[in-house]
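*Asks:* Dropping in target29.txt, with compact mmCIF, C-alpha atoms and all ligand atoms.
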```
# COMPACT_ATOMS: atom_id res chain seq x y z
CA MET A 1 139.80 121.27 107.35
CA SER A 2 138.32 118.34 105.57
CA ALA A 3 134.89 116.90 105.15
CA SER A 4 135.97 114.10 107.46
CA ALA A 5 135.61 116.66 110.22
CA GLY A 6 132.12 117.32 108.90
CA ARG A 7 133.14 120.70 107.49
CA MET A 8 132.38 121.47 103.87
CA HIS A 9 132.19 124.46 101.59
CA PHE A 10 130.49 124.40 98.19
CA ILE A 11 130.20 127.17 95.64
CA ASN A 12 128.30 127.55 92.37
CA VAL A 13 125.67 124.98 93.26
CA ARG A 14 122.23 124.67 91.73
CA LEU A 15 119.44 123.39 93.95
CA PRO A 16 116.74 122.38 91.47
CA LEU A 17 114.16 121.53 94.13
CA ARG A 18 114.02 125.26 94.87
CA GLU A 19 111.99 127.40 92.52
CA ASP A 20 114.35 130.37 92.35
CA ASN A 21 116.83 128.98 89.81
CA GLN A 22 119.68 130.64 91.73
CA TRP A 23 123.31 129.70 92.33
CA TYR A 24 124.14 128.82 95.90
CA GLU A 25 127.03 128.76 98.33
CA LEU A 26 126.65 126.11 101.04
CA LYS A 27 128.59 125.49 104.21
CA ALA A 28 128.46 122.58 106.62
CA GLU A 29 129.99 121.91 109.99
CA GLY A 30 129.81 118.82 112.14
CA GLY A 31 127.99 117.08 109.29
CA LYS A 32 125.14 119.63 109.31
CA TRP A 33 124.26 122.42 106.95
CA ILE A 34 124.99 125.71 108.69
CA SER A 35 124.66 128.16 105.81
CA ILE A 36 122.81 128.07 102.49
CA ARG A 37 123.13 131.36 100.70
CA GLN A 38 122.14 132.69 97.28
CA GLN A 39 125.18 133.96 95.40
CA GLY A 40 123.42 136.22 92.92
CA GLY A 41 125.47 134.79 90.04
CA PHE A 42 128.65 132.82 89.39
CA LEU A 43 131.11 133.06 92.28
CA ASP A 44 134.81 133.13 91.60
CA ALA A 45 136.74 130.96 94.07
CA ALA A 46 139.09 133.85 94.92
CA VAL A 47 136.13 136.11 95.70
CA ALA A 48 134.73 133.36 97.92
CA GLY A 49 137.96 133.57 99.90
CA VAL A 50 139.39 130.21 98.88
CA THR A 51 142.65 129.63 97.13
CA ARG A 52 141.89 126.23 95.67
CA ALA A 53 138.40 125.05 94.78
CA LEU A 54 138.19 121.46 93.61
CA VAL A 55 135.89 120.66 90.70
CA PRO A 56 134.39 117.18 91.32
CA ALA A 57 134.95 116.12 87.72
CA LEU A 58 138.67 116.66 88.24
CA ALA A 59 138.58 114.45 91.31
CA GLY A 60 136.93 111.70 89.27
CA THR A 61 136.06 108.91 91.67
CA ASP A 62 138.82 109.75 94.15
CA LEU A 63 136.66 110.45 97.18
CA LYS A 64 139.71 111.23 99.29
CA LYS A 65 140.36 114.30 97.15
CA LEU A 66 136.81 115.50 97.75
CA ASP A 67 137.19 114.77 101.42
CA GLU A 68 140.31 116.89 101.66
CA ALA A 69 139.13 119.76 99.47
CA GLU A 70 139.02 123.17 101.10
CA CYS A 71 136.14 124.10 98.79
CA ILE A 72 134.23 122.26 96.09
CA ASP A 73 133.21 124.22 93.01
CA LEU A 74 130.25 122.59 91.26
CA GLN A 75 130.43 125.14 88.42
CA GLY A 76 126.67 125.23 88.16
CA GLY A 77 126.22 121.51 88.76
CA ILE A 78 123.22 120.12 90.57
CA MET A 79 122.88 119.12 94.21
CA LEU A 80 119.91 117.08 95.38
CA PRO A 81 119.20 115.61 98.78
CA GLY A 82 120.06 111.90 98.82
CA LEU A 83 117.50 110.13 96.63
CA VAL A 84 114.92 107.89 98.27
CA ASP A 85 113.85 104.69 96.53
CA CYS A 86 110.77 103.74 98.53
CA HIS A 87 109.81 100.59 96.64
CA MET A 88 112.49 98.11 95.66
CA HIS A 89 112.79 94.33 95.82
CA LEU A 90 116.43 93.89 96.74
CA ASP A 91 115.95 90.15 97.34
CA LYS A 92 114.85 89.58 93.74
CA ALA A 93 117.40 91.85 92.05
CA PHE A 94 119.81 90.23 89.58
CA SER A 95 117.95 86.89 89.69
CA LEU A 96 117.18 86.93 85.97
CA GLU A 97 119.99 84.48 85.24
CA GLN A 98 118.39 81.90 87.52
CA VAL A 99 114.73 82.75 86.89
CA SER A 100 113.36 83.36 83.41
CA ASN A 101 110.06 84.83 82.27
CA ILE A 102 109.29 83.74 78.71
CA SER A 103 105.81 85.26 78.40
CA GLY A 104 106.84 88.51 80.09
CA THR A 105 103.69 88.51 82.20
CA LEU A 106 103.40 89.38 85.86
CA GLN A 107 101.80 85.99 86.46
CA GLU A 108 104.72 84.03 85.04
CA ALA A 109 107.19 86.19 86.95
CA ILE A 110 105.39 85.48 90.22
CA GLU A 111 105.12 81.74 89.52
CA ASN A 112 108.69 81.24 88.33
CA TYR A 113 110.20 83.31 91.12
CA SER A 114 108.13 81.59 93.76
CA GLN A 115 109.29 78.16 92.52
CA ALA A 116 112.92 79.22 92.54
CA VAL A 117 112.96 80.73 96.03
CA PRO A 118 113.65 77.51 97.98
CA ASP A 119 116.85 77.03 95.94
CA PHE A 120 118.38 80.38 96.87
CA SER A 121 120.86 80.16 99.71
CA LYS A 122 121.09 82.94 102.26
CA GLU A 123 124.53 83.77 100.86
CA GLN A 124 123.21 84.09 97.29
CA LEU A 125 120.40 86.34 98.45
CA ALA A 126 122.79 88.52 100.44
CA VAL A 127 125.22 88.89 97.52
CA ARG A 128 122.43 90.03 95.20
CA MET A 129 120.87 92.38 97.75
CA LEU A 130 124.21 93.96 98.56
CA ALA A 131 124.97 94.48 94.88
CA ALA A 132 121.60 96.12 94.23
CA ALA A 133 121.83 98.40 97.27
CA ARG A 134 125.38 99.44 96.40
CA LEU A 135 124.35 100.14 92.82
CA ALA A 136 121.50 102.34 94.06
CA LEU A 137 123.92 104.19 96.34
CA SER A 138 126.31 104.80 93.45
CA TYR A 139 123.51 106.59 91.59
CA GLY A 140 122.67 108.78 94.56
CA THR A 141 120.06 106.80 96.51
CA THR A 142 120.83 107.09 100.21
CA THR A 143 117.57 105.61 101.56
CA ILE A 144 115.82 102.46 100.38
CA ARG A 145 112.59 100.79 101.41
CA SER A 146 112.71 97.23 100.10
CA HIS A 147 109.89 94.75 100.13
CA LEU A 148 110.90 91.22 101.05
CA ASP A 149 109.28 87.96 100.03
CA PHE A 150 108.31 85.81 102.99
CA PRO A 151 107.29 82.38 101.68
CA VAL A 152 106.31 80.73 104.94
CA HIS A 153 104.45 78.01 103.00
CA PHE A 154 107.88 76.60 102.04
CA GLY A 155 108.72 76.33 105.71
CA LYS A 156 110.15 78.82 108.16
CA GLU A 157 113.73 77.96 107.28
CA VAL A 158 113.24 79.08 103.68
CA ALA A 159 111.22 82.19 104.63
CA PHE A 160 113.75 83.36 107.19
CA ARG A 161 116.70 82.95 104.83
CA THR A 162 115.56 86.12 103.05
CA ILE A 163 115.11 87.95 106.35
CA ALA A 164 118.53 86.90 107.61
CA ALA A 165 120.20 87.93 104.34
CA ALA A 166 118.37 91.27 104.36
CA LEU A 167 119.36 92.09 107.94
CA GLU A 168 122.95 91.09 107.23
CA VAL A 169 123.06 93.44 104.23
CA ARG A 170 121.56 96.30 106.22
CA GLU A 171 124.14 95.78 108.93
CA LYS A 172 126.94 95.69 106.36
CA LEU A 173 125.75 98.97 104.84
CA SER A 174 124.93 100.73 108.10
CA GLY A 175 127.03 103.85 108.15
CA ARG A 176 126.75 104.05 104.37
CA MET A 177 123.00 104.22 103.67
CA LYS A 178 119.61 103.68 105.30
CA ILE A 179 117.51 100.63 104.48
CA GLN A 180 113.97 99.84 105.64
CA TYR A 181 112.28 96.51 105.06
CA SER A 182 108.63 95.83 104.35
CA LEU A 183 107.46 92.25 104.73
CA MET A 184 105.26 90.75 102.00
CA VAL A 185 102.80 89.09 104.37
CA PRO A 186 101.89 85.81 102.67
CA PHE A 187 98.28 84.83 102.21
CA ARG A 188 99.05 81.15 101.72
CA GLY A 189 99.62 78.63 104.49
CA ASP A 190 98.33 78.19 108.00
CA GLN A 191 97.32 81.64 109.27
CA ARG A 192 98.43 81.05 112.84
CA VAL A 193 101.88 79.90 111.68
CA VAL A 194 102.16 82.87 109.33
CA ASP A 195 101.09 85.35 112.00
CA GLU A 196 103.69 83.97 114.40
CA ALA A 197 106.36 84.15 111.70
CA VAL A 198 105.39 87.78 110.95
CA ALA A 199 105.74 88.63 114.65
CA GLU A 200 109.17 87.01 114.74
CA ALA A 201 110.32 88.91 111.62
CA LEU A 202 109.20 92.20 113.20
CA ARG A 203 111.09 91.34 116.39
CA MET A 204 114.19 90.71 114.28
CA GLY A 205 114.01 94.23 112.81
CA ILE A 206 111.57 94.32 109.91
CA ASP A 207 110.03 97.80 109.83
CA VAL A 208 106.83 97.71 107.79
CA LEU A 209 104.08 95.25 106.86
CA GLY A 210 103.07 94.83 103.24
CA GLY A 211 101.79 92.28 100.80
CA ALA A 212 99.78 92.00 97.62
CA PRO A 213 96.22 91.38 98.78
CA HIS A 214 94.71 91.90 95.33
CA LEU A 215 96.24 88.51 94.40
CA ALA A 216 94.56 86.68 97.28
CA ALA A 217 91.29 84.74 96.98
CA ASP A 218 89.89 86.96 99.73
CA PRO A 219 91.54 90.38 99.36
CA GLU A 220 89.39 92.04 102.01
CA GLY A 221 90.22 89.33 104.54
CA GLU A 222 93.93 89.76 103.78
CA ILE A 223 93.76 93.54 104.12
CA SER A 224 92.00 93.16 107.47
CA ARG A 225 94.66 90.74 108.67
CA ILE A 226 97.55 92.98 107.63
CA PHE A 227 96.01 96.01 109.35
CA ARG A 228 95.30 93.98 112.48
CA LEU A 229 98.93 92.84 112.60
CA ALA A 230 100.25 96.33 111.81
CA GLU A 231 98.20 97.86 114.60
CA GLN A 232 99.21 95.13 117.02
CA TYR A 233 102.90 95.79 116.42
CA GLY A 234 102.62 99.53 115.73
CA VAL A 235 104.23 99.52 112.27
CA PRO A 236 103.27 101.27 109.02
CA VAL A 237 101.61 99.50 106.08
CA ASP A 238 102.94 99.43 102.51
CA LEU A 239 100.87 97.34 100.11
CA HIS A 240 101.08 96.33 96.48
CA ALA A 241 97.65 97.41 95.28
CA ASP A 242 95.76 96.50 92.14
CA GLU A 243 98.76 95.67 89.96
CA SER A 244 96.38 94.60 87.24
CA ASP A 245 94.91 95.73 83.91
CA ASP A 246 91.43 94.87 85.21
CA PRO A 247 89.52 98.11 85.90
CA GLY A 248 87.34 96.14 88.31
CA LYS A 249 90.23 95.62 90.76
CA ARG A 250 89.69 98.20 93.48
CA THR A 251 91.23 96.81 96.64
CA VAL A 252 92.62 100.30 97.22
CA LEU A 253 89.11 101.39 98.26
CA ASN A 254 89.19 98.73 100.94
CA ILE A 255 92.72 99.72 101.95
CA ALA A 256 91.47 103.31 102.31
CA GLU A 257 88.53 102.20 104.46
CA HIS A 258 90.81 100.19 106.74
CA THR A 259 93.19 103.14 106.98
CA ILE A 260 90.40 105.35 108.28
CA ARG A 261 89.00 102.65 110.58
CA TYR A 262 92.40 102.03 112.17
CA GLY A 263 93.30 105.73 112.39
CA TYR A 264 96.28 104.95 110.16
CA GLN A 265 96.06 108.10 108.01
CA GLY A 266 99.49 109.04 106.62
CA ARG A 267 100.98 105.65 107.57
CA VAL A 268 99.68 103.63 104.64
CA THR A 269 101.20 103.41 101.18
CA ALA A 270 99.65 101.87 98.08
CA GLY A 271 102.00 100.94 95.25
CA HIS A 272 101.30 100.27 91.56
CA LEU A 273 97.54 101.12 91.24
CA CYS A 274 97.62 99.99 87.60
CA SER A 275 93.90 99.28 87.41
CA LEU A 276 93.29 102.94 88.25
CA SER A 277 94.59 103.81 84.79
CA ALA A 278 92.30 101.25 83.13
CA MET A 279 89.12 102.64 84.74
CA ASP A 280 86.93 105.28 83.20
CA GLU A 281 87.27 108.86 84.37
CA LYS A 282 84.31 108.79 86.75
CA ASP A 283 85.36 105.61 88.58
CA ALA A 284 88.95 106.80 88.79
CA GLN A 285 87.81 110.02 90.47
CA VAL A 286 85.87 108.02 93.07
CA VAL A 287 89.03 106.04 93.89
CA ILE A 288 91.27 109.11 94.01
CA THR A 289 88.79 110.98 96.24
CA LYS A 290 88.70 108.03 98.64
CA MET A 291 92.51 107.81 98.66
CA LYS A 292 92.68 111.50 99.50
CA GLU A 293 90.11 111.11 102.28
CA ALA A 294 92.24 108.34 103.84
CA CYS A 295 95.51 110.31 103.40
CA LEU A 296 97.05 107.39 101.51
CA ASN A 297 100.52 107.66 100.06
CA ALA A 298 101.03 106.26 96.58
CA VAL A 299 103.96 104.94 94.56
CA THR A 300 104.22 104.56 90.83
CA LEU A 301 106.61 101.95 89.45
CA PRO A 302 106.62 102.98 85.80
CA ALA A 303 109.48 100.87 84.44
CA VAL A 304 108.08 97.59 85.68
CA ASN A 305 104.44 98.38 84.95
CA LEU A 306 105.17 99.53 81.40
CA TYR A 307 107.08 96.30 80.91
CA LEU A 308 104.57 93.88 82.47
CA GLN A 309 101.12 95.34 81.98
CA GLY A 310 98.94 95.34 78.88
CA ARG A 311 100.51 92.08 77.64
CA GLU A 312 97.23 90.71 76.40
CA ASP A 313 96.16 93.90 74.62
CA ARG A 314 96.34 94.39 70.89
CA GLY A 315 95.94 97.70 69.10
CA LEU A 316 95.66 100.34 71.81
CA VAL A 317 97.77 98.75 74.54
CA ARG A 318 97.19 99.81 78.14
CA ARG A 319 100.35 101.26 79.58
CA GLY A 320 99.85 100.03 83.11
CA THR A 321 101.24 103.05 84.90
CA THR A 322 98.79 104.58 87.33
CA ARG A 323 97.12 107.97 86.89
CA ILE A 324 100.22 109.94 87.78
CA ARG A 325 99.03 113.42 86.89
CA GLU A 326 95.60 112.97 88.45
CA LEU A 327 97.06 111.68 91.73
CA LEU A 328 99.47 114.61 91.83
CA ALA A 329 96.66 117.05 91.02
CA ALA A 330 94.70 115.62 93.95
CA ASP A 331 97.70 116.39 96.16
CA ILE A 332 98.23 112.75 97.05
CA PRO A 333 101.90 112.13 97.95
CA LEU A 334 103.06 110.14 94.93
CA ALA A 335 106.59 108.80 94.72
CA ALA A 336 108.26 107.10 91.76
CA ALA A 337 110.41 104.08 92.51
CA SER A 338 112.47 101.29 90.92
CA ASP A 339 110.57 98.14 91.93
CA ASN A 340 112.54 95.35 90.24
CA ILE A 341 116.07 95.30 88.88
CA GLN A 342 117.14 92.67 86.34
CA ASP A 343 114.85 89.90 87.50
CA PRO A 344 111.90 87.99 85.96
CA PHE A 345 109.60 90.94 86.70
CA HIS A 346 111.80 93.41 84.87
CA PRO A 347 114.88 92.39 82.89
CA PHE A 348 116.41 95.88 82.90
CA GLY A 349 117.01 98.72 85.33
CA ARG A 350 120.05 99.97 87.17
CA ALA A 351 118.65 101.25 90.49
CA ASP A 352 119.04 104.78 89.18
CA LEU A 353 116.14 106.97 90.26
CA THR A 354 116.91 109.64 87.68
CA GLN A 355 116.20 107.00 85.05
CA ILE A 356 112.92 106.22 86.84
CA ALA A 357 112.07 109.92 86.82
CA GLN A 358 112.74 109.97 83.08
CA ILE A 359 110.48 106.96 82.50
CA THR A 360 107.80 108.61 84.65
CA SER A 361 108.06 111.62 82.40
CA TYR A 362 107.41 109.46 79.32
CA ALA A 363 104.55 107.62 81.00
CA ALA A 364 102.79 110.73 82.28
CA HIS A 365 103.76 113.28 79.62
CA MET A 366 105.67 115.46 82.04
CA GLY A 367 108.32 117.72 80.57
CA GLY A 368 107.68 121.37 81.48
CA VAL A 369 109.82 123.20 84.02
CA GLU A 370 107.33 122.58 86.84
CA ASP A 371 106.92 118.96 85.72
CA LEU A 372 110.66 118.38 85.98
CA ARG A 373 110.69 119.75 89.52
CA GLN A 374 107.74 117.53 90.38
CA LEU A 375 109.60 114.51 88.99
CA LEU A 376 112.56 115.35 91.21
CA ARG A 377 110.24 115.67 94.20
CA MET A 378 108.88 112.19 93.39
CA ILE A 379 112.35 110.70 93.99
CA THR A 380 113.36 112.94 96.92
CA ASP A 381 111.13 114.68 99.44
CA ILE A 382 107.89 112.82 98.65
CA PRO A 383 109.34 109.31 99.21
CA ALA A 384 111.32 110.72 102.16
CA GLY A 385 107.97 111.64 103.70
CA ILE A 386 106.57 108.19 102.89
CA VAL A 387 109.39 106.34 104.64
CA GLY A 388 109.40 108.84 107.51
CA SER A 389 112.90 110.31 107.04
CA GLU A 390 113.43 113.02 109.62
CA GLY A 391 115.39 116.20 108.93
CA TYR A 392 115.42 115.46 105.23
CA GLY A 393 116.44 118.01 102.63
CA ILE A 394 119.13 120.58 101.95
CA GLN A 395 118.16 123.05 104.68
CA GLU A 396 120.14 124.75 107.41
CA GLY A 397 120.19 122.53 110.49
CA ASN A 398 119.62 119.31 108.56
CA ALA A 399 122.25 116.60 108.28
CA CYS A 400 124.37 116.57 105.13
CA ASP A 401 122.84 113.94 102.91
CA PHE A 402 123.15 114.73 99.25
CA VAL A 403 124.19 113.75 95.77
CA VAL A 404 126.03 116.14 93.50
CA THR A 405 126.32 115.80 89.76
CA ASP A 406 127.93 117.81 87.01
CA ALA A 407 124.71 117.90 84.96
CA ALA A 408 124.20 121.45 83.72
CA ASP A 409 120.45 121.30 84.33
CA VAL A 410 117.63 118.92 85.20
CA THR A 411 117.00 118.04 81.55
CA GLN A 412 120.59 116.88 81.22
CA LEU A 413 120.35 114.99 84.49
CA LEU A 414 117.18 113.13 83.47
CA SER A 415 118.48 112.56 79.95
CA GLY A 416 121.42 110.67 81.39
CA THR A 417 123.96 112.58 79.33
CA SER A 418 125.80 113.33 82.55
CA MET A 419 125.96 110.21 84.65
CA SER A 420 128.39 111.58 87.21
CA ARG A 421 127.33 111.32 90.84
CA TRP A 422 129.15 111.95 94.09
CA VAL A 423 127.22 110.79 97.10
CA TYR A 424 127.58 112.02 100.68
CA THR A 425 125.63 110.58 103.58
CA CYS A 426 126.09 109.15 107.07
CA GLY A 427 128.95 111.58 107.71
CA GLY A 428 131.14 110.86 104.69
CA TRP A 429 131.55 110.54 100.94
CA GLN A 430 130.15 107.13 100.06
CA SER A 431 130.39 106.77 96.36
CA GLY A 432 131.66 108.41 93.24
CA LEU A 433 130.47 107.57 89.78
CA TYR A 434 132.16 109.49 87.08
CA ALA A 435 131.28 109.30 83.44
CA ALA A 436 134.31 110.51 81.58
CA HIS A 437 132.48 110.66 78.26
CA ALA A 438 130.10 113.29 79.59
CA TYR A 439 133.00 115.40 80.76
CA ALA A 440 134.77 114.98 77.44
CA MET A 441 131.65 116.15 75.60
CA ASP A 442 131.45 119.22 77.82
CA LYS A 443 135.03 120.17 77.13
CA GLN A 444 135.01 119.78 73.37
ZN ZN B 1 106.85 95.73 94.07
```
Could you show the structure in this file as structure tokens?
*Replies:*
Amino acid sequence: MSASAGRMHFINVRLPLREDNQWYELKAEGGKWISIRQQGGFLDAAVAGVTRALVPALAGTDLKKLDEAECIDLQGGIMLPGLVDCHMHLDKAFSLEQVSNISGTLQEAIENYSQAVPDFSKEQLAVRMLAAARLALSYGTTTIRSHLDFPVHFGKEVAFRTIAAALEVREKLSGRMKIQYSLMVPFRGDQRVVDEAVAEALRMGIDVLGGAPHLAADPEGEISRIFRLAEQYGVPVDLHADESDDPGKRTVLNIAEHTIRYGYQGRVTAGHLCSLSAMDEKDAQVVITKMKEACLNAVTLPAVNLYLQGREDRGLVRRGTTRIRELLAADIPLAAASDNIQDPFHPFGRADLTQIAQITSYAAHMGGVEDLRQLLRMITDIPAGIVGSEGYGIQEGNACDFVVTDAADVTQLLSGTSMSRWVYTCGGWQSGLYAAHAYAMDKQ
């Protein structure tokens, strides 16, 4: 039987999200996990009752071979549930060629990108979005939440180009990965026109309302408006919050108050929170306590914030990443995500969440065994909870949605010495990325 019938058999698998450090044998039928069993050590294929066990590295990127394998022997390689990138900007990805950012500041990125938007055709946007989503999938991301610009002040035709491109890309990739869209509700332009446009975008299939109210002249008014719209249409809220070096920026307090007032606990996410890291200890604790009270979710975007923030500082330069360890210690669901890929906000990045986990480790000094597991949780089950993925995780009864690698351990995975990934979701193998050099190093 083949995986195309939804039947799979894995041996010698490590599941690093579990604390037991055991080797596992996993079986699936009908695209669901039916058995996940500790082996108690290395399992020989013959003992497991299979005559031929395929090692993924030997299949390379030939997904058909994996599909037809009677049994797949990971030889101690890692399996994670499909990674969840809960904060991307697919519409901006790969725009660096068209949109520069000489100063490297957030402000110039926003200005230059905003000016360029009317020149992007729907086709150009779709090509870039598709490329970014596919790249993410190749590295093991099976669920994306992408924010989308919505520049209604340039006219509805321009604003809806991005929406149309985004929906087209989601349709094209349906059956390969899951994509959610969060609308950046604009604070410029005629409010009535904007509100009507937001309603239309939601009717078309946009899932979440967002925005960056800390940039508005009246942040509180903007936050109120976004919550009012979210409640009216019954959708979650995902805001860019306090992406600033200014310790005085505390719109997150207002977001928390609105969350409580609207009974939106658990349905609101605050991304960035850079100013939280610039505050003194006492003020930061006040903010974190309020976030906890409102059951806010949080997202750190370490690659982009390390790149953009602290630009004006000399000497001790602020790093810009939020208080990662403190938020985790307060038990606030904190995910790590990509944000921008090769655009004026961030010239680098490859939509690889293991790289983001590595950068998070640098930013927050996380390297112990428990830290590494926490970093993996920040790109798997925590963001899965934020985006509301149901039946997520490698558990009996859940759908098969996973990425396997031939990394010997989590350190090797986050170091990037083994880049190999084989991705299974939506009932089939979707992508294979095989780094021959890593394999060659192993075999020397
Ligand atoms: Zn963002």
*Asks:* Between A:Ile72, A:Ile110, A:Val387, A:Ala131, which is the closest to ligand ZN 1 (chain B) once you count all atoms listed in the file?
*Replies:*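 That would be A:Ile110, the residue with the smallest distance to ligand ZN 1 (chain B).
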*Asks:* Within 9 Å of ligand ZN 1 (chain B), which residues show up when you count only C-alpha atoms and all ligand atoms? List them as a ChimeraX atom specification, please.
*Replies:* /A:87-89,146-147,212,239-240,271-272,301,304,338-340
*Asks:* Near Gly205 of chain A, within 9 Å and counting all atoms listed in the file, which residues show up once chain neighbours fewer than 3 positions away are dropped, as a PyMOL selection string?
*Replies:* chain A and resi 167+181+200-202
*Asks:* What gap, in Å, lies between atom CA of Thr360 of chain A and atom CA of Ile324 of chain A?
*Replies:*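 Those two atoms sit 8.3 Å apart.
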*Asks:* Using only C-alpha atoms, which residue out of A:Ala28, A:Leu276, A:Leu74, A:Ala93 lies closest to Phe42 of chain A?
*Replies:*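 Smallest distance to Phe42 of chain A is found for A:Leu74.
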*Asks:* With a distance cut-off of 12 Å and only C-alpha atoms, select the neighbouring residues of Leu66 of chain A, excluding the residue or stretch itself and same-chain residues fewer than 4 positions from it, and output the selection as a PyMOL selection string.
*Replies:* chain A and resi 1-4+7-10+53-62+70-74+404+422-424+428-432
*Asks:* Limited to C-alpha atoms, could you put the picked residues into a file as a short mmCIF file (atom, residue, chain, number, x, y, z; two decimals), in the frame of the given file?
*Replies:*
```
data_model
loop_
_atom_site.label_atom_id
_atom_site.label_comp_id
_atom_site.auth_asym_id
_atom_site.auth_seq_id
_atom_site.Cartn_x
_atom_site.Cartn_y
_atom_site.Cartn_z
CA MET A 1 139.80 121.27 107.35
CA SER A 2 138.32 118.34 105.57
CA ALA A 3 134.89 116.90 105.15
CA SER A 4 135.97 114.10 107.46
CA ARG A 7 133.14 120.70 107.49
CA MET A 8 132.38 121.47 103.87
CA HIS A 9 132.19 124.46 101.59
CA PHE A 10 130.49 124.40 98.19
CA ALA A 53 138.40 125.05 94.78
CA LEU A 54 138.19 121.46 93.61
CA VAL A 55 135.89 120.66 90.70
CA PRO A 56 134.39 117.18 91.32
CA ALA A 57 134.95 116.12 87.72
CA LEU A 58 138.67 116.66 88.24
CA ALA A 59 138.58 114.45 91.31
CA GLY A 60 136.93 111.70 89.27
CA THR A 61 136.06 108.91 91.67
CA ASP A 62 138.82 109.75 94.15
CA GLU A 70 139.02 123.17 101.10
CA CYS A 71 136.14 124.10 98.79
CA ILE A 72 134.23 122.26 96.09
CA ASP A 73 133.21 124.22 93.01
CA LEU A 74 130.25 122.59 91.26
CA VAL A 404 126.03 116.14 93.50
CA TRP A 422 129.15 111.95 94.09
CA VAL A 423 127.22 110.79 97.10
CA TYR A 424 127.58 112.02 100.68
CA GLY A 428 131.14 110.86 104.69
CA TRP A 429 131.55 110.54 100.94
CA GLN A 430 130.15 107.13 100.06
CA SER A 431 130.39 106.77 96.36
CA GLY A 432 131.66 108.41 93.24
#
```
*Asks:* Give as a ChimeraX atom specification every residue, naming chains and numbers as the document does, that has an atom within 9 Å of (135.4, 131.5, 90.5), counting all atoms listed in the file.
*Replies:* /A:11-12,42-48,53,73,75
